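Here is the file upload-v7.cif (mmCIF, C-alpha atoms).
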data_run
loop_
_atom_site.label_atom_id
_atom_site.label_comp_id
_atom_site.auth_asym_id
_atom_site.auth_seq_id
_atom_site.Cartn_x
_atom_site.Cartn_y
_atom_site.Cartn_z
CA MET A 1 9.52 24.40 10.71
CA THR A 2 6.57 26.80 11.07
CA LEU A 3 2.91 26.60 10.06
CA THR A 4 3.78 28.88 7.15
CA ASP A 5 6.27 26.24 5.96
CA VAL A 6 3.54 23.60 6.22
CA LEU A 7 1.19 25.81 4.18
CA LYS A 8 3.83 26.32 1.48
CA ASP A 9 4.60 22.59 1.28
CA PHE A 10 0.87 21.88 1.02
CA ALA A 11 0.64 24.34 -1.86
CA TYR A 12 3.61 22.77 -3.70
CA LEU A 13 2.19 19.27 -3.28
CA SER A 14 -1.23 20.48 -4.47
CA VAL A 15 0.28 21.95 -7.63
CA LEU A 16 2.11 18.67 -8.27
CA LEU A 17 -1.09 16.64 -7.76
CA MET A 18 -3.00 18.82 -10.23
CA ALA A 19 -0.15 18.53 -12.73
CA GLY A 20 -0.15 14.76 -12.28
CA TYR A 21 -3.92 14.64 -12.78
CA GLU A 22 -3.77 16.68 -15.99
CA LEU A 23 -0.95 14.54 -17.36
CA ARG A 24 -2.95 11.39 -16.59
CA LYS A 25 -6.03 12.96 -18.17
CA HIS A 26 -4.37 13.81 -21.48
CA ILE A 27 -1.55 11.28 -21.98
CA VAL A 28 -2.83 7.93 -23.26
CA LEU A 29 0.27 6.06 -22.08
CA PHE A 30 -0.48 6.94 -18.45
CA GLN A 31 -4.15 6.03 -18.96
CA LYS A 32 -3.37 2.71 -20.62
CA TYR A 33 -1.24 1.57 -17.72
CA PHE A 34 -3.40 3.22 -15.04
CA ILE A 35 -0.54 5.21 -13.56
CA PRO A 36 -2.00 7.03 -10.49
CA SER A 37 -1.89 10.83 -10.52
CA SER A 38 -0.12 10.84 -7.15
CA LEU A 39 2.66 8.64 -8.56
CA ILE A 40 3.13 11.02 -11.51
CA ALA A 41 3.04 13.98 -9.13
CA GLY A 42 5.59 12.39 -6.83
CA VAL A 43 8.02 11.64 -9.65
CA LEU A 44 7.64 15.23 -10.90
CA GLY A 45 8.29 16.54 -7.42
CA MET A 46 11.34 14.31 -7.06
CA LEU A 47 12.84 15.44 -10.39
CA LEU A 48 12.10 19.11 -9.66
CA SER A 49 13.40 19.01 -6.07
CA LYS A 50 16.64 20.39 -4.70
CA ASN A 51 18.17 16.91 -4.53
CA TRP A 52 17.70 16.37 -8.26
CA LEU A 53 17.09 19.51 -10.36
CA GLY A 54 18.79 21.64 -7.74
CA THR A 55 22.12 19.93 -8.37
CA ILE A 56 22.28 21.29 -11.94
CA CYS A 57 19.95 24.30 -11.90
CA PRO A 58 19.33 27.24 -9.53
CA PHE A 59 15.56 26.88 -9.99
CA TYR A 60 13.76 24.07 -8.17
CA ILE A 61 10.79 23.45 -5.87
CA PRO A 62 11.81 24.96 -2.51
CA PHE A 63 10.33 22.38 -0.16
CA SER A 64 10.88 23.17 3.51
CA SER A 65 13.16 21.11 5.72
CA GLY A 66 10.06 19.47 7.18
CA ILE A 67 8.70 18.00 3.94
CA GLY A 68 10.24 14.66 4.87
CA GLN A 69 7.92 14.48 7.89
CA TRP A 70 4.74 14.66 5.81
CA SER A 71 4.59 10.99 4.96
CA GLY A 72 5.08 9.97 8.58
CA ALA A 73 2.33 12.31 9.79
CA LEU A 74 -0.22 11.57 7.07
CA VAL A 75 0.11 7.81 7.49
CA ILE A 76 -1.35 8.35 10.98
CA PHE A 77 -4.60 9.54 9.35
CA VAL A 78 -4.61 6.52 7.04
CA CYS A 79 -4.20 4.13 9.97
CA ALA A 80 -6.75 5.96 12.14
CA THR A 81 -9.56 5.45 9.60
CA MET A 82 -8.66 1.89 8.66
CA PHE A 83 -11.20 0.07 10.85
CA LEU A 84 -13.86 2.76 11.35
CA GLY A 85 -17.16 1.59 9.88
CA LEU A 86 -15.52 -1.41 8.24
CA GLU A 87 -17.44 -4.68 8.08
CA LEU A 88 -16.05 -7.99 6.86
CA ASN A 89 -18.20 -9.59 4.20
CA GLN A 90 -18.94 -13.29 4.16
CA VAL A 91 -15.86 -15.19 3.00
CA GLY A 92 -16.14 -17.92 0.37
CA ARG A 93 -13.81 -20.79 -0.50
CA ASP A 94 -11.91 -18.90 -3.20
CA GLY A 95 -11.70 -15.88 -0.91
CA MET A 96 -9.86 -17.99 1.65
CA ALA A 97 -7.72 -19.59 -1.06
CA THR A 98 -6.77 -16.11 -2.28
CA THR A 99 -5.89 -15.17 1.31
CA PHE A 100 -3.45 -18.09 1.49
CA LEU A 101 -2.02 -17.12 -1.91
CA ALA A 102 -1.57 -13.52 -0.73
CA GLY A 103 0.12 -14.74 2.45
CA ALA A 104 2.46 -16.92 0.39
CA CYS A 105 3.32 -13.92 -1.82
CA HIS A 106 4.01 -11.74 1.21
CA GLN A 107 6.30 -14.26 2.90
CA ALA A 108 8.00 -15.28 -0.35
CA GLN A 109 8.89 -11.62 -0.92
CA MET A 110 10.15 -11.38 2.64
CA CYS A 111 12.37 -14.47 2.40
CA VAL A 112 13.65 -13.68 -1.10
CA GLY A 113 14.48 -10.09 -0.11
CA LEU A 114 16.37 -11.11 3.05
CA ALA A 115 18.27 -13.89 1.24
CA ILE A 116 19.43 -11.60 -1.59
CA ALA A 117 20.35 -8.81 0.83
CA ALA A 118 22.43 -11.31 2.82
CA LEU A 119 24.30 -12.32 -0.36
CA PHE A 120 24.93 -8.71 -1.39
CA GLY A 121 26.09 -7.94 2.14
CA LEU A 122 29.01 -10.32 1.69
CA PHE A 123 30.71 -8.01 -0.82
CA MET A 124 28.79 -4.71 -0.67
CA LYS A 125 30.03 -2.71 2.29
CA GLY A 126 27.36 -0.72 4.15
CA LEU A 127 24.37 -2.76 2.91
CA PRO A 128 22.42 -3.89 6.00
CA TYR A 129 20.73 -7.27 6.11
CA GLN A 130 17.50 -5.42 6.86
CA PHE A 131 17.61 -3.88 3.37
CA GLY A 132 15.77 -6.99 2.16
CA TYR A 133 13.10 -6.50 4.80
CA MET A 134 12.00 -3.22 3.20
CA GLY A 135 11.30 -4.85 -0.16
CA VAL A 136 8.09 -6.56 0.91
CA TRP A 137 6.71 -3.47 2.63
CA GLY A 138 7.30 -1.45 -0.53
CA PHE A 139 6.12 -4.06 -3.03
CA TYR A 140 3.29 -5.82 -1.22
CA ALA A 141 2.10 -2.96 0.93
CA GLY A 142 2.76 0.10 -1.24
CA HIS A 143 3.93 3.59 -0.32
CA GLY A 144 1.73 3.84 2.76
CA ASN A 145 3.11 0.87 4.67
CA ALA A 146 6.61 1.37 3.27
CA THR A 147 6.56 4.83 4.81
CA THR A 148 5.05 3.48 8.04
CA VAL A 149 7.67 0.75 8.48
CA GLY A 150 10.46 3.09 7.41
CA ASN A 151 9.42 5.70 9.98
CA VAL A 152 9.20 3.04 12.70
CA ILE A 153 12.77 1.97 11.94
CA GLN A 154 14.11 5.52 11.61
CA ASP A 155 12.37 6.76 14.76
CA ALA A 156 13.97 3.89 16.65
CA GLY A 157 17.36 5.06 15.34
CA TYR A 158 18.27 1.84 13.52
CA TRP A 159 18.63 2.90 9.88
CA ASP A 160 18.31 6.40 8.37
CA ASP A 161 17.65 5.22 4.80
CA ALA A 162 14.68 2.99 5.66
CA VAL A 163 11.96 5.34 4.36
CA GLY A 164 13.88 6.17 1.19
CA VAL A 165 14.53 2.52 0.36
CA GLY A 166 10.96 1.51 1.17
CA VAL A 167 9.45 4.26 -0.99
CA THR A 168 11.79 3.38 -3.84
CA PHE A 169 10.70 -0.27 -3.66
CA ALA A 170 7.07 0.88 -3.60
CA THR A 171 7.54 3.00 -6.72
CA ILE A 172 9.20 0.13 -8.57
CA GLY A 173 6.48 -2.24 -7.34
CA ILE A 174 3.50 -0.22 -8.50
CA LEU A 175 5.11 0.32 -11.91
CA CYS A 176 5.73 -3.42 -12.23
CA GLY A 177 2.19 -4.14 -11.08
CA VAL A 178 0.40 -1.96 -13.64
CA ILE A 179 2.77 -2.50 -16.58
CA ILE A 180 3.25 -6.26 -16.23
CA GLY A 181 -0.40 -6.58 -15.20
CA MET A 182 -1.55 -4.95 -18.44
CA ILE A 183 0.83 -7.16 -20.43
CA LEU A 184 -0.70 -10.21 -18.75
CA ILE A 185 -4.22 -8.96 -19.47
CA ASN A 186 -3.48 -8.39 -23.15
CA TRP A 187 -1.87 -11.83 -23.39
CA GLY A 188 -4.77 -13.47 -21.57
CA ALA A 189 -7.34 -11.74 -23.78
CA LYS A 190 -5.63 -13.05 -26.92
CA LYS A 191 -5.51 -16.56 -25.42
CA GLY A 192 -9.16 -16.42 -24.43
CA LEU A 193 -8.43 -16.67 -20.70
CA THR A 194 -10.64 -13.73 -19.71
CA HIS A 195 -14.35 -14.27 -19.11
CA VAL A 196 -15.36 -11.17 -21.05
CA LYS A 197 -13.94 -9.63 -24.18
CA MET A 198 -12.12 -6.54 -23.07
CA SER A 199 -10.23 -3.69 -24.62
CA PHE A 200 -8.72 -0.56 -23.18
CA TYR A 201 -10.45 1.54 -25.83
CA ASP A 202 -13.84 0.02 -24.95
CA MET A 203 -13.58 1.24 -21.37
CA PRO A 204 -15.62 4.29 -20.26
CA GLU A 205 -13.83 7.58 -20.73
CA SER A 206 -13.99 8.26 -16.98
CA GLU A 207 -12.00 5.08 -16.29
CA ARG A 208 -9.33 6.05 -18.81
CA THR A 209 -8.87 9.75 -18.08
CA GLY A 210 -9.98 9.92 -14.46
CA TYR A 211 -12.43 12.76 -15.22
CA ILE A 212 -16.12 12.18 -14.47
CA LYS A 213 -18.66 14.25 -16.38
CA PRO A 214 -21.26 16.23 -14.38
CA THR A 215 -24.09 13.88 -15.39
CA ASP A 216 -22.25 10.81 -14.07
CA ARG A 217 -20.92 12.15 -10.77
CA LEU A 218 -21.69 10.44 -7.48
CA SER A 219 -21.67 11.72 -3.90
CA ILE A 220 -18.33 11.27 -2.16
CA GLY A 221 -19.97 10.98 1.26
CA ASN A 222 -23.17 11.13 3.29
CA GLY A 223 -23.92 13.89 5.76
CA VAL A 224 -24.43 12.54 9.28
CA THR A 225 -24.69 15.96 10.92
CA ASN A 226 -26.48 19.14 9.92
CA ALA A 227 -24.07 21.80 8.68
CA SER A 228 -25.82 24.39 10.88
CA SER A 229 -24.49 22.46 13.88
CA LEU A 230 -21.26 20.89 12.62
CA ASP A 231 -20.05 20.34 9.07
CA PRO A 232 -20.46 16.63 8.17
CA LEU A 233 -16.85 16.27 7.02
CA ALA A 234 -15.61 18.08 10.13
CA PHE A 235 -17.62 15.60 12.25
CA GLN A 236 -16.00 12.58 10.58
CA THR A 237 -12.57 14.20 10.79
CA ALA A 238 -13.11 14.87 14.50
CA ILE A 239 -13.76 11.14 15.03
CA VAL A 240 -10.43 10.44 13.35
CA GLY A 241 -8.82 12.93 15.73
CA ILE A 242 -10.31 11.10 18.73
CA VAL A 243 -8.87 7.82 17.46
CA ILE A 244 -5.44 9.45 17.19
CA VAL A 245 -5.71 10.89 20.72
CA ILE A 246 -6.54 7.45 22.13
CA GLY A 247 -3.59 6.08 20.17
CA VAL A 248 -1.34 8.63 21.86
CA ILE A 249 -2.72 7.58 25.25
CA ILE A 250 -2.16 3.88 24.45
CA ARG A 251 1.45 4.61 23.55
CA LYS A 252 1.95 6.60 26.77
CA LEU A 253 0.52 3.74 28.84
CA CYS A 254 2.79 1.25 27.07
CA MET A 255 5.80 3.42 27.86
CA MET A 256 4.73 3.54 31.53
CA ILE A 257 4.61 -0.25 31.65
CA HIS A 258 8.20 -0.65 30.50
CA PRO A 259 10.82 1.76 29.06
CA VAL A 260 11.47 -0.62 26.14
CA MET A 261 8.03 0.33 24.82
CA SER A 262 9.39 3.78 24.00
CA SER A 263 10.24 2.23 20.63
CA PHE A 264 6.57 1.38 20.09
CA PRO A 265 5.60 3.69 17.20
CA LEU A 266 2.65 6.05 17.32
CA VAL A 267 1.35 4.62 14.06
CA GLY A 268 1.16 1.19 15.69
CA ALA A 269 -0.72 2.59 18.67
CA VAL A 270 -3.15 4.37 16.33
CA LEU A 271 -3.73 1.13 14.42
CA VAL A 272 -4.59 -0.60 17.69
CA SER A 273 -6.83 2.33 18.65
CA SER A 274 -8.64 2.19 15.28
CA MET A 275 -9.13 -1.56 15.56
CA VAL A 276 -10.50 -1.44 19.13
CA ILE A 277 -12.70 1.62 18.61
CA GLY A 278 -13.98 0.29 15.28
CA PHE A 279 -14.95 -3.01 16.92
CA ILE A 280 -16.66 -1.27 19.85
CA ILE A 281 -18.54 1.19 17.64
CA ASN A 282 -19.88 -1.63 15.46
CA LYS A 283 -21.53 -3.07 18.60
CA THR A 284 -23.23 0.18 19.60
CA SER A 285 -25.82 2.58 18.21
CA PHE A 286 -23.02 5.06 17.42
CA LYS A 287 -22.30 2.84 14.42
CA ASP A 288 -24.80 4.89 12.40
CA SER A 289 -22.72 8.03 13.02
CA ILE A 290 -19.78 6.65 11.03
CA ASP A 291 -19.97 7.35 7.31
CA ARG A 292 -17.60 4.91 5.66
CA LYS A 293 -17.66 6.85 2.38
CA SER A 294 -16.41 9.99 4.14
CA MET A 295 -13.78 7.95 6.00
CA SER A 296 -12.61 6.54 2.68
CA ARG A 297 -12.29 10.07 1.30
CA ILE A 298 -10.24 11.17 4.31
CA THR A 299 -8.02 8.12 3.82
CA GLY A 300 -7.78 8.72 0.08
CA THR A 301 -6.86 12.38 0.45
CA ALA A 302 -4.18 11.57 3.02
CA LEU A 303 -2.81 8.83 0.76
CA GLU A 304 -2.62 11.10 -2.30
CA TYR A 305 -0.59 13.73 -0.44
CA MET A 306 1.43 11.11 1.43
CA ILE A 307 2.46 9.25 -1.74
CA THR A 308 3.31 12.50 -3.51
CA ALA A 309 5.40 13.72 -0.57
CA ALA A 310 7.10 10.36 -0.06
CA ILE A 311 8.19 10.02 -3.68
CA ALA A 312 9.08 13.70 -4.03
CA THR A 313 11.49 13.42 -1.10
CA THR A 314 13.18 10.26 -2.43
CA SER A 315 16.89 10.88 -2.28
CA ARG A 316 18.97 10.56 -5.42
CA ALA A 317 21.63 9.01 -3.22
CA ILE A 318 19.33 6.01 -2.64
CA PHE A 319 19.45 5.13 -6.33
CA VAL A 320 23.18 5.69 -6.55
CA THR A 321 23.98 3.75 -3.38
CA TYR A 322 21.60 0.81 -3.71
CA ALA A 323 20.85 0.54 -7.45
CA LEU A 324 22.00 -3.06 -7.99
CA PRO A 325 20.34 -4.70 -4.96
CA LEU A 326 17.17 -2.66 -5.62
CA VAL A 327 16.90 -4.05 -9.15
CA VAL A 328 17.85 -7.65 -8.28
CA ILE A 329 15.46 -7.90 -5.32
CA SER A 330 12.65 -6.29 -7.31
CA VAL A 331 13.06 -8.76 -10.18
CA ALA A 332 13.13 -11.69 -7.74
CA MET A 333 9.96 -10.51 -6.01
CA VAL A 334 8.12 -10.09 -9.33
CA VAL A 335 9.08 -13.67 -10.26
CA ALA A 336 7.91 -14.92 -6.85
CA ASN A 337 4.57 -13.16 -7.31
CA LEU A 338 4.06 -14.65 -10.77
CA LEU A 339 4.81 -18.18 -9.54
CA VAL A 340 2.46 -17.95 -6.58
CA CYS A 341 -0.41 -16.09 -8.29
CA PHE A 342 -0.53 -18.23 -11.42
CA THR A 343 1.21 -21.55 -10.75
CA LEU A 344 -0.30 -22.13 -7.31
CA GLY A 345 -3.45 -20.19 -8.16
CA ARG A 346 -4.19 -22.55 -11.02
CA HIS A 347 -4.33 -25.45 -8.54
CA TRP A 348 -5.90 -23.76 -5.51
CA LEU A 349 -8.68 -21.68 -7.09
CA SER A 350 -11.91 -23.20 -8.35
CA ARG A 351 -13.08 -20.45 -10.74
CA ASP A 352 -12.06 -17.10 -12.26
CA LYS A 353 -8.44 -18.20 -11.96
CA PHE A 354 -6.95 -15.76 -14.45
CA GLU A 355 -8.83 -12.69 -13.20
CA ILE A 356 -7.98 -13.47 -9.57
CA GLY A 357 -4.36 -14.20 -10.51
CA VAL A 358 -3.90 -10.88 -12.30
CA GLY A 359 -5.71 -8.93 -9.57
CA LEU A 360 -3.67 -10.59 -6.84
CA PHE A 361 -0.44 -9.96 -8.77
CA GLY A 362 -1.33 -6.26 -8.97
CA GLN A 363 -2.17 -6.18 -5.27
CA CYS A 364 1.08 -7.92 -4.29
CA CYS A 365 3.16 -5.55 -6.44
CA GLY A 366 1.46 -2.40 -5.22
CA VAL A 367 -1.72 -2.04 -3.21
CA LEU A 368 -5.29 -3.36 -3.29
CA ALA A 369 -6.32 -0.46 -5.55
CA THR A 370 -3.80 -1.61 -8.18
CA GLY A 371 -5.30 -5.10 -8.24
CA LEU A 372 -8.86 -3.76 -8.36
CA MET A 373 -7.98 -1.48 -11.29
CA LEU A 374 -6.56 -4.41 -13.24
CA ILE A 375 -9.68 -6.47 -12.50
CA LYS A 376 -11.84 -3.55 -13.64
CA VAL A 377 -10.13 -3.72 -17.04
CA MET A 378 -10.93 -7.45 -17.41
CA ASP A 379 -14.29 -7.46 -15.67
CA PRO A 380 -15.93 -4.01 -15.91
CA SER A 381 -19.39 -5.35 -15.03
CA GLY A 382 -18.31 -7.39 -12.00
CA GLU A 383 -19.25 -10.76 -13.51
CA THR A 384 -16.44 -12.63 -11.74
CA THR A 385 -15.54 -13.08 -8.07
CA ALA A 386 -12.05 -11.64 -8.55
CA ALA A 387 -12.62 -8.26 -6.88
CA GLN A 388 -14.35 -9.87 -3.89
CA CYS A 389 -11.59 -12.47 -3.49
CA ILE A 390 -8.65 -10.07 -3.45
CA SER A 391 -10.57 -7.63 -1.22
CA THR A 392 -11.17 -10.50 1.20
CA SER A 393 -7.49 -11.46 1.14
CA SER A 394 -6.48 -7.85 1.78
CA THR A 395 -8.89 -7.49 4.73
CA LEU A 396 -8.05 -10.82 6.36
CA GLY A 397 -4.35 -10.15 5.81
CA TYR A 398 -4.45 -7.35 8.39
CA ALA A 399 -4.88 -9.99 11.11
CA TRP A 400 -1.25 -11.07 10.82
CA GLN A 401 0.37 -8.31 8.74
CA ILE A 402 -0.23 -5.56 11.31
CA PRO A 403 1.45 -7.42 14.22
CA TYR A 404 4.16 -8.51 11.79
CA MET A 405 4.67 -4.91 10.68
CA ILE A 406 4.75 -3.39 14.17
CA ILE A 407 6.81 -6.06 15.93
CA GLY A 408 8.88 -7.27 13.00
CA SER A 409 10.08 -3.79 12.03
CA LEU A 410 12.00 -3.58 15.29
CA ALA A 411 12.70 -7.31 15.75
CA ILE A 412 14.51 -7.55 12.41
CA PHE A 413 17.19 -5.30 13.92
CA THR A 414 17.19 -6.54 17.51
CA ALA A 415 16.71 -10.25 16.72
CA PRO A 416 17.34 -10.80 12.98
CA VAL A 417 17.84 -14.58 13.14
CA PRO A 418 14.62 -15.41 15.05
CA THR A 419 12.68 -12.97 12.84
CA THR A 420 14.01 -14.67 9.71
CA ILE A 421 13.09 -18.09 11.09
CA VAL A 422 9.56 -16.89 11.82
CA SER A 423 9.32 -15.57 8.23
CA VAL A 424 10.34 -18.97 6.82
CA ILE A 425 7.87 -20.75 9.10
CA LEU A 426 5.04 -18.46 7.96
CA LEU A 427 5.95 -19.10 4.32
CA ALA A 428 5.81 -22.85 4.93
CA PHE A 429 2.48 -22.46 6.73
CA PHE A 430 0.84 -20.70 3.79
CA LEU A 431 2.33 -23.03 1.17
CA ILE A 432 1.66 -26.31 2.99
CA GLY A 433 -1.64 -25.19 4.51
CA GLY A 434 -2.90 -23.89 1.19
CA GLN A 435 -1.92 -27.09 -0.61
CA ILE A 436 -3.62 -29.26 1.99
CA ILE A 437 -6.83 -27.22 2.12
CA PHE A 438 -7.15 -26.01 -1.47
CA GLY A 439 -4.89 -28.35 -3.46
CA LYS A 440 -6.03 -29.88 -6.71
CA LYS A 441 -6.63 -33.37 -5.29
CA VAL A 442 -8.65 -31.98 -2.40
CA HIS A 443 -10.68 -29.84 -4.77
CA LYS A 444 -11.50 -32.83 -6.98
#
Would you mind giving the structure from this file in structure tokens?
Amino acid sequence: MTLTDVLKDFAYLSVLLMAGYELRKHIVLFQKYFIPSSLIAGVLGMLLSKNWLGTICPFYIPFSSGIGQWSGALVIFVCATMFLGLELNQVGRDGMATTFLAGACHQAQMCVGLAIAALFGLFMKGLPYQFGYMGVWGFYAGHGNATTVGNVIQDAGYWDDAVGVGVTFATIGILCGVIIGMILINWGAKKGLTHVKMSFYDMPESERTGYIKPTDRLSIGNGVTNASSLDPLAFQTAIVGIVIVIGVIIRKLCMMIHPVMSSFPLVGAVLVSSMVIGFIINKTSFKDSIDRKSMSRITGTALEYMITAAIATTSRAIFVTYALPLVVISVAMVVANLLVCFTLGRHWLSRDKFEIGVGLFGQCCGVLATGLMLIKVMDPSGETTAAQCISTSSTLGYAWQIPYMIIGSLAIFTAPVPTTIVSVILLAFFLIGGQIIFGKKVHK
């Protein structure tokens, strides 16, 4: 693969993203269910790729052989910016309750996925037990973490289909999140469960189409440096590059400590680097040099191209080979999310129960952005605490999800039984701990 190949792939992905944006802008169905442009673009790229259209037609998008590496490389940028300039807001009671609910959703998905994969493995030859492990990283964590975990597993040489399965789960998850989420919102509005009267057609045009008129546009970042010295965006990007370099050094040092650390993924080292550097910077005067808005734009851009590339490279063979377990596990995880978000949420939360439940369901089926979009439909003026609660749960969740992701992704292959036991213990911790701390009797 050459730089020219990278340039061509970038051009193809850019065309797909613009096509996805225009389809979202003009097709009401995509607007109504808040289908992201990158998801539309990825599906288009998948259908028009050599693996799909190329099997029946001589004309298709000629991605290079290196297109499959895009998701693994871009996720490094996402992880590098994760903790730069990030501050944790004060956490309230319902924020902590939502954190326990989110933890219960995560571990319920993990346990359900592993259990069903174990059952299918009894009669479905070639289905690894770890197939169920990928479900939670696709559903709960979305395309970004599904790609991260999949690359960790594939780089270690354990399972070649990990990224494909994870991305497929992520695609199913985000579709379930937005579609079922909108069904829940419409049902709740009719039942009077929402705090404000809401309607899709009452939403601002910019929320529906994704296009912001010139008079309503906001700055996407703040300039820390003068362009005559160094372009502001280049300055922020250079900081991201420094974080990645330190991540590379951390990984090298780990490998020097013991050869077994050669399986330690670069993305994990970059996450550690981002966490440490972000913490240190927040304690120094250099904190003012980090523009969080610009960092968010770098993350967002990387995510858009990463999701498009990840979905576009989804193999048709994944659907053919794993169709039944994919569907069964996905249905089971949706049911688990509904039970936790609404049955437990009704007892653990003190206010805004429906809005938080829907937002958390969207987050646990896709990503935080999915949950926030659903909340925006119900609460456009921010009158409830729903957005703050699920944002808190997402932020606090990194404390245990990141170690779980880095260590568990390898441990599920090298020590599947202990890893499964730990997953069950964590599920019990969130369920029992949440009931003790936030249960109905305690609340009263």
field: Among the residues A:Ile249, A:Gly142, A:Phe413, A:Val178, the one that comes closest to A:Trp159 [using only C-alpha atoms]
entry: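 The answer is A:Phe413, which sits nearest to A:Trp159.
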message: I need the residue nearest A:Phe169 from this list: A:Phe235, A:Phe120, A:Trp348, A:Phe319. Use only C-alpha atoms for the distance.
response: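 Comparing A:Phe235, A:Phe120, A:Trp348, A:Phe319 against A:Phe169, the winner is A:Phe319.
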query: Can you tell me how far atom CA of A:Ala428 sits from atom CA of A:Pro128, in Å to one decimal?
result: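 Straight-line distance from atom CA of A:Ala428 to atom CA of A:Pro128 works out to 25.2 Å.
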- request: Any chance you could resolve the PyMOL selection byres ((chain A and resi 175) around 12) against this file and give the residues as a ChimeraX atom specification?
  value: /A:30,33-36,39-40,43,138-139,142,168-174,176-182,330,334,362-367,370
query: Of the candidates A:Thr284, A:Gln130, A:Ser64, A:Asn222, which one gets nearest to A:Gly408 if we count all atoms listed in the file?
result: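 The shortest atom-to-atom distance to A:Gly408 comes from A:Gln130.
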Given the PyMOL selection byres ((chain A and resi 110) around 12), the residues it picks as a PyMOL selection string: chain A and resi 103-109+111-117+129-141+329-330+332-333+336-337+364+401+404-405+408+412+419-427
Could you write out that same residue set with C-alpha atoms as a PDB file, keeping the file's coordinate frame?
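What landed in part25.pdb:
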ATOM      1  CA  GLY A 103       0.120 -14.740   2.450  1.00  0.00           C
ATOM      2  CA  ALA A 104       2.460 -16.920   0.390  1.00  0.00           C
ATOM      3  CA  CYS A 105       3.320 -13.920  -1.820  1.00  0.00           C
ATOM      4  CA  HIS A 106       4.010 -11.740   1.210  1.00  0.00           C
ATOM      5  CA  GLN A 107       6.300 -14.260   2.900  1.00  0.00           C
ATOM      6  CA  ALA A 108       8.000 -15.280  -0.350  1.00  0.00           C
ATOM      7  CA  GLN A 109       8.890 -11.620  -0.920  1.00  0.00           C
ATOM      8  CA  CYS A 111      12.370 -14.470   2.400  1.00  0.00           C
ATOM      9  CA  VAL A 112      13.650 -13.680  -1.100  1.00  0.00           C
ATOM     10  CA  GLY A 113      14.480 -10.090  -0.110  1.00  0.00           C
ATOM     11  CA  LEU A 114      16.370 -11.110   3.050  1.00  0.00           C
ATOM     12  CA  ALA A 115      18.270 -13.890   1.240  1.00  0.00           C
ATOM     13  CA  ILE A 116      19.430 -11.600  -1.590  1.00  0.00           C
ATOM     14  CA  ALA A 117      20.350  -8.810   0.830  1.00  0.00           C
ATOM     15  CA  TYR A 129      20.730  -7.270   6.110  1.00  0.00           C
ATOM     16  CA  GLN A 130      17.500  -5.420   6.860  1.00  0.00           C
ATOM     17  CA  PHE A 131      17.610  -3.880   3.370  1.00  0.00           C
ATOM     18  CA  GLY A 132      15.770  -6.990   2.160  1.00  0.00           C
ATOM     19  CA  TYR A 133      13.100  -6.500   4.800  1.00  0.00           C
ATOM     20  CA  MET A 134      12.000  -3.220   3.200  1.00  0.00           C
ATOM     21  CA  GLY A 135      11.300  -4.850  -0.160  1.00  0.00           C
ATOM     22  CA  VAL A 136       8.090  -6.560   0.910  1.00  0.00           C
ATOM     23  CA  TRP A 137       6.710  -3.470   2.630  1.00  0.00           C
ATOM     24  CA  GLY A 138       7.300  -1.450  -0.530  1.00  0.00           C
ATOM     25  CA  PHE A 139       6.120  -4.060  -3.030  1.00  0.00           C
ATOM     26  CA  TYR A 140       3.290  -5.820  -1.220  1.00  0.00           C
ATOM     27  CA  ALA A 141       2.100  -2.960   0.930  1.00  0.00           C
ATOM     28  CA  ILE A 329      15.460  -7.900  -5.320  1.00  0.00           C
ATOM     29  CA  SER A 330      12.650  -6.290  -7.310  1.00  0.00           C
ATOM     30  CA  ALA A 332      13.130 -11.690  -7.740  1.00  0.00           C
ATOM     31  CA  MET A 333       9.960 -10.510  -6.010  1.00  0.00           C
ATOM     32  CA  ALA A 336       7.910 -14.920  -6.850  1.00  0.00           C
ATOM     33  CA  ASN A 337       4.570 -13.160  -7.310  1.00  0.00           C
ATOM     34  CA  CYS A 364       1.080  -7.920  -4.290  1.00  0.00           C
ATOM     35  CA  GLN A 401       0.370  -8.310   8.740  1.00  0.00           C
ATOM     36  CA  TYR A 404       4.160  -8.510  11.790  1.00  0.00           C
ATOM     37  CA  MET A 405       4.670  -4.910  10.680  1.00  0.00           C
ATOM     38  CA  GLY A 408       8.880  -7.270  13.000  1.00  0.00           C
ATOM     39  CA  ILE A 412      14.510  -7.550  12.410  1.00  0.00           C
ATOM     40  CA  THR A 419      12.680 -12.970  12.840  1.00  0.00           C
ATOM     41  CA  THR A 420      14.010 -14.670   9.710  1.00  0.00           C
ATOM     42  CA  ILE A 421      13.090 -18.090  11.090  1.00  0.00           C
ATOM     43  CA  VAL A 422       9.560 -16.890  11.820  1.00  0.00           C
ATOM     44  CA  SER A 423       9.320 -15.570   8.230  1.00  0.00           C
ATOM     45  CA  VAL A 424      10.340 -18.970   6.820  1.00  0.00           C
ATOM     46  CA  ILE A 425       7.870 -20.750   9.100  1.00  0.00           C
ATOM     47  CA  LEU A 426       5.040 -18.460   7.960  1.00  0.00           C
ATOM     48  CA  LEU A 427       5.950 -19.100   4.320  1.00  0.00           C
TER      49      LEU A 427
END
- request: Could you jot down the atom CA of A:Thr395 to atom CA of A:Ala302 separation for me, Å, one decimal place?
  value: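 Interatomic distance here is 19.7 Å.
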field: Nearby residues (all atoms listed in the file) at most 8 Å from A:Val358, same-chain spacing under 5 positions excluded, as a PyMOL selection string
entry: chain A and resi 181+184-185+341+371+374-375
task: Select, from A:Asp216, A:Glu22, A:Asp94, A:Asp9, the residue with the minimum atom-to-atom distance to A:Thr384, counting all atoms listed in the file.
output: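 Nearest candidate to A:Thr384 out of A:Asp216, A:Glu22, A:Asp94, A:Asp9: A:Asp94.
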